[in-house]
Structures are given as C-alpha cells and as structure tokens.
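With TSV, N, CA and C atoms inside, this is work-v3.tsv:
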```tsv
chain	number	residue	atom	x	y	z
A	1038	MET	N	109.33	128.24	127.48
A	1038	MET	CA	109.27	129.52	126.84
A	1038	MET	C	110.16	129.54	125.60
A	1039	SER	N	111.26	128.81	125.61
A	1039	SER	CA	112.14	128.79	124.45
A	1039	SER	C	111.51	128.06	123.28
A	1040	ALA	N	110.60	127.11	123.55
A	1040	ALA	CA	109.92	126.40	122.46
A	1040	ALA	C	109.01	127.34	121.69
A	1041	SER	N	108.29	128.19	122.40
A	1041	SER	CA	107.41	129.14	121.71
A	1041	SER	C	108.24	130.17	120.93
A	1042	LEU	N	109.40	130.53	121.46
A	1042	LEU	CA	110.28	131.46	120.75
A	1042	LEU	C	110.80	130.83	119.46
A	1043	ALA	N	111.15	129.54	119.54
A	1043	ALA	CA	111.64	128.85	118.35
A	1043	ALA	C	110.53	128.73	117.30
A	1044	LEU	N	109.29	128.49	117.73
A	1044	LEU	CA	108.19	128.38	116.78
A	1044	LEU	C	107.90	129.70	116.10
A	1045	THR	N	108.06	130.79	116.81
A	1045	THR	CA	107.80	132.09	116.18
A	1045	THR	C	108.84	132.40	115.10
A	1046	HIS	N	110.04	131.86	115.24
A	1046	HIS	CA	111.07	132.07	114.22
A	1046	HIS	C	110.86	131.16	113.02
A	1047	LEU	N	110.20	129.99	113.21
A	1047	LEU	CA	109.98	129.05	112.11
A	1047	LEU	C	108.76	129.40	111.26
A	1048	VAL	N	107.82	130.11	111.82
A	1048	VAL	CA	106.60	130.45	111.07
A	1048	VAL	C	106.91	131.26	109.81
A	1049	PRO	N	107.75	132.27	109.85
A	1049	PRO	CA	108.05	132.99	108.60
A	1049	PRO	C	108.77	132.11	107.58
A	1050	LEU	N	109.58	131.16	108.04
A	1050	LEU	CA	110.27	130.27	107.10
A	1050	LEU	C	109.28	129.37	106.37
A	1051	ALA	N	108.23	128.93	107.05
A	1051	ALA	CA	107.24	128.07	106.44
A	1051	ALA	C	106.46	128.79	105.35
A	1052	LYS	N	106.30	130.08	105.48
A	1052	LYS	CA	105.54	130.84	104.48
A	1052	LYS	C	106.36	131.06	103.22
A	1053	GLU	N	107.69	130.98	103.31
A	1053	GLU	CA	108.54	131.22	102.16
A	1053	GLU	C	108.67	130.00	101.25
A	1054	VAL	N	108.26	128.82	101.71
A	1054	VAL	CA	108.40	127.60	100.92
A	1054	VAL	C	107.37	127.59	99.80
A	1055	ASP	N	107.83	127.37	98.58
A	1055	ASP	CA	106.93	127.28	97.44
A	1055	ASP	C	106.42	125.84	97.35
A	1056	GLU	N	105.11	125.65	97.47
A	1056	GLU	CA	104.54	124.31	97.50
A	1056	GLU	C	104.73	123.55	96.20
A	1057	ASN	N	104.95	124.24	95.09
A	1057	ASN	CA	105.15	123.58	93.80
A	1057	ASN	C	106.58	123.07	93.62
A	1058	LYS	N	107.51	123.51	94.46
A	1058	LYS	CA	108.90	123.13	94.30
A	1058	LYS	C	109.41	122.22	95.41
A	1059	VAL	N	108.52	121.75	96.28
A	1059	VAL	CA	108.95	120.89	97.38
A	1059	VAL	C	109.20	119.49	96.83
A	1060	THR	N	110.38	118.94	97.11
A	1060	THR	CA	110.74	117.59	96.66
A	1060	THR	C	111.28	116.79	97.84
A	1061	PRO	N	111.30	115.46	97.73
A	1061	PRO	CA	111.81	114.65	98.83
A	1061	PRO	C	113.30	114.85	99.07
A	1062	GLY	N	114.04	115.16	98.04
A	1062	GLY	CA	115.47	115.43	98.19
A	1062	GLY	C	116.31	114.19	98.40
A	1063	VAL	N	117.52	114.42	98.86
A	1063	VAL	CA	118.50	113.35	99.04
A	1063	VAL	C	118.07	112.41	100.17
A	1064	LEU	N	117.54	112.96	101.24
A	1064	LEU	CA	117.12	112.13	102.37
A	1064	LEU	C	116.02	111.16	101.96
A	1065	GLY	N	115.08	111.62	101.17
A	1065	GLY	CA	114.02	110.74	100.67
A	1065	GLY	C	114.58	109.63	99.81
A	1066	PHE	N	115.55	109.94	98.96
A	1066	PHE	CA	116.17	108.91	98.12
A	1066	PHE	C	116.93	107.90	98.97
A	1067	ILE	N	117.65	108.37	99.99
A	1067	ILE	CA	118.41	107.45	100.85
A	1067	ILE	C	117.47	106.51	101.60
A	1068	VAL	N	116.37	107.05	102.12
A	1068	VAL	CA	115.41	106.21	102.84
A	1068	VAL	C	114.81	105.18	101.89
A	1069	PHE	N	114.43	105.59	100.70
A	1069	PHE	CA	113.87	104.67	99.71
A	1069	PHE	C	114.88	103.60	99.32
A	1070	ALA	N	116.14	103.98	99.11
A	1070	ALA	CA	117.16	103.02	98.73
A	1070	ALA	C	117.42	102.00	99.84
A	1071	VAL	N	117.46	102.46	101.08
A	1071	VAL	CA	117.67	101.54	102.21
A	1071	VAL	C	116.51	100.56	102.32
A	1072	MET	N	115.29	101.06	102.14
A	1072	MET	CA	114.13	100.17	102.20
A	1072	MET	C	114.15	99.16	101.06
A	1073	ALA	N	114.56	99.58	99.87
A	1073	ALA	CA	114.63	98.67	98.73
A	1073	ALA	C	115.67	97.58	98.96
A	1074	VAL	N	116.82	97.94	99.50
A	1074	VAL	CA	117.86	96.95	99.79
A	1074	VAL	C	117.39	95.98	100.88
A	1075	ALA	N	116.68	96.49	101.87
A	1075	ALA	CA	116.15	95.63	102.94
A	1075	ALA	C	115.14	94.64	102.40
A	1076	VAL	N	114.25	95.08	101.53
A	1076	VAL	CA	113.26	94.17	100.94
A	1076	VAL	C	113.94	93.14	100.07
A	1077	TRP	N	114.94	93.54	99.30
A	1077	TRP	CA	115.68	92.60	98.46
A	1077	TRP	C	116.35	91.54	99.33
A	1078	GLY	N	116.98	91.95	100.44
A	1078	GLY	CA	117.63	91.00	101.33
A	1078	GLY	C	116.63	90.05	101.98
A	1079	LEU	N	115.48	90.57	102.38
A	1079	LEU	CA	114.45	89.70	102.97
A	1079	LEU	C	113.93	88.69	101.95
A	1080	MET	N	113.73	89.11	100.72
A	1080	MET	CA	113.25	88.20	99.68
A	1080	MET	C	114.29	87.12	99.38
A	1081	LYS	N	115.54	87.50	99.37
A	1081	LYS	CA	116.61	86.54	99.11
A	1081	LYS	C	116.69	85.51	100.25
A	1082	SER	N	116.56	85.98	101.48
A	1082	SER	CA	116.57	85.09	102.64
A	1082	SER	C	115.36	84.16	102.63
A	1083	MET	N	114.19	84.71	102.30
A	1083	MET	CA	112.99	83.89	102.26
A	1083	MET	C	113.11	82.81	101.19
A	1084	ASN	N	113.67	83.15	100.04
A	1084	ASN	CA	113.85	82.19	98.97
A	1084	ASN	C	114.78	81.06	99.41
A	1085	LYS	N	115.84	81.41	100.13
A	1085	LYS	CA	116.78	80.41	100.62
A	1085	LYS	C	116.10	79.47	101.61
A	1086	HIS	N	115.29	80.02	102.51
A	1086	HIS	CA	114.61	79.20	103.51
A	1086	HIS	C	113.51	78.35	102.88
A	1087	MET	N	112.84	78.87	101.88
A	1087	MET	CA	111.78	78.11	101.22
A	1087	MET	C	112.34	76.94	100.43
A	1088	GLN	N	113.56	77.05	99.94
A	1088	GLN	CA	114.17	75.94	99.21
A	1088	GLN	C	114.52	74.79	100.15
A	1089	LYS	N	114.68	75.07	101.44
A	1089	LYS	CA	114.99	74.03	102.42
A	1089	LYS	C	113.76	73.23	102.83
A	1090	VAL	N	112.56	73.75	102.54
A	1090	VAL	CA	111.33	73.09	102.96
A	1090	VAL	C	111.12	71.84	102.11
A	1091	ASP	N	110.87	70.70	102.78
A	1091	ASP	CA	110.60	69.45	102.09
A	1091	ASP	C	109.13	69.11	102.31
A	1092	PHE	N	108.30	69.53	101.37
A	1092	PHE	CA	106.86	69.37	101.52
A	1092	PHE	C	106.40	68.20	100.65
A	1093	LYS	N	105.77	67.21	101.30
A	1093	LYS	CA	105.22	66.07	100.58
A	1093	LYS	C	103.72	66.07	100.81
A	1094	GLU	N	102.98	66.18	99.73
A	1094	GLU	CA	101.52	66.24	99.83
A	1094	GLU	C	100.96	64.86	100.10
A	1095	SER	N	99.97	64.81	100.99
A	1095	SER	CA	99.35	63.52	101.31
A	1095	SER	C	98.39	63.11	100.20
A	1096	ALA	N	98.06	61.83	100.18
A	1096	ALA	CA	97.15	61.29	99.17
A	1096	ALA	C	95.75	61.88	99.38
A	1097	PRO	N	94.99	62.07	98.31
A	1097	PRO	CA	93.66	62.66	98.45
A	1097	PRO	C	92.70	61.82	99.29
A	1098	GLY	N	92.89	60.50	99.34
A	1098	GLY	CA	92.01	59.62	100.10
A	1098	GLY	C	92.28	59.66	101.58
A	1099	GLY	N	93.34	60.28	102.01
A	1099	GLY	CA	93.68	60.35	103.43
A	1099	GLY	C	94.42	59.12	103.91
A	1100	ALA	N	95.03	58.35	103.01
A	1100	ALA	CA	95.75	57.14	103.39
A	1100	ALA	C	96.98	57.46	104.24
A	1101	ASP	N	97.56	58.61	104.03
A	1101	ASP	CA	98.78	58.99	104.78
A	1101	ASP	C	98.44	59.90	105.96
A	1102	SER	N	97.22	59.84	106.46
A	1102	SER	CA	96.84	60.76	107.53
A	1102	SER	C	97.43	60.38	108.87
A	1103	ALA	N	97.82	59.12	109.05
A	1103	ALA	CA	98.44	58.69	110.32
A	1103	ALA	C	99.86	59.21	110.40
A	1104	ALA	N	100.27	59.59	111.61
A	1104	ALA	CA	101.64	60.10	111.80
A	1104	ALA	C	102.62	58.94	111.73
A	1105	PRO	N	103.77	59.13	111.13
A	1105	PRO	CA	104.79	58.07	111.08
A	1105	PRO	C	105.30	57.73	112.48
A	1106	ALA	N	105.76	56.49	112.65
A	1106	ALA	CA	106.20	56.01	113.96
A	1106	ALA	C	107.47	56.70	114.43
A	1107	ASP	N	108.36	57.09	113.50
A	1107	ASP	CA	109.63	57.70	113.90
A	1107	ASP	C	109.50	59.20	114.16
A	1108	ARG	N	108.34	59.74	114.03
A	1108	ARG	CA	108.12	61.18	114.24
A	1108	ARG	C	107.83	61.46	115.71
A	1109	LYS	N	108.54	62.43	116.28
A	1109	LYS	CA	108.33	62.82	117.68
A	1109	LYS	C	107.36	63.98	117.72
A	1110	SER	N	106.43	63.95	118.65
A	1110	SER	CA	105.45	65.03	118.78
A	1110	SER	C	105.85	65.98	119.87
```
Entire entry expressed as structure tokens:
Amino acid sequence: MSASLALTHLVPLAKEVDENKVTPGVLGFIVFAVMAVAVWGLMKSMNKHMQKVDFKESAPGGADSAAPADRKS
C-alpha cells in the first residue's frame, strides 16, 4: 500500500518537468567519464598483451605445416 502512495506523490512531480530542459547532469558525466577511463585502460592492456605475441607466418606452400618436435601438445 505504501508503494501506491509513493507513486501518487511522484505523478505530480513528473508533470512539472519541462521536456526541453532535461539534461543528463553530473551523474551522466560521471558515468561517461568512468566508462571512457575503463575503455582507455582496456585498450592499453590489450596493446601491452598484443606486443608480447610472437607470430610467425608459415610459408605459403605449407612447408612449415608440421609441428616442431620440441612443441608439447
């Protein structure tokens, strides 16, 4: 019963909001900034891990298709 009472008090507040003046505000900026910092950190980490990758392309004829003897499967 208290939930319906709370909703009846919020309905008049919703009618007073001017739709042309609604902005994301400080909370929207904080969320966007946190997401931007997280993406920057992930990209920096990915770049660091990708530099560790030692990729050697095999010959087009397939001469290197056999697995090396010292490689464990």
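Here atom C of Val1090 in chain A stands at a distance of 26.8 Å from atom N of Val1074 in chain A.
Of note, atom C of Val1063 in chain A and CA of Trp1077 in chain A are spaced 20.0 Å apart.
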For range 1056-1068 of chain A, I'd like the enclosing box, axis-aligned and padded by 4 Å on every side, reported as lines of an AutoDock Vina configuration file with centre and edge lengths in Å to one decimal.
```
center_x = 111.5
center_y = 115.4
center_z = 98.2
size_x = 22.0
size_y = 28.5
size_z = 17.2
```
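Here atom C of Asn1057 in chain A stands at a distance of 22.0 Å from atom N of Ala1070 in chain A.
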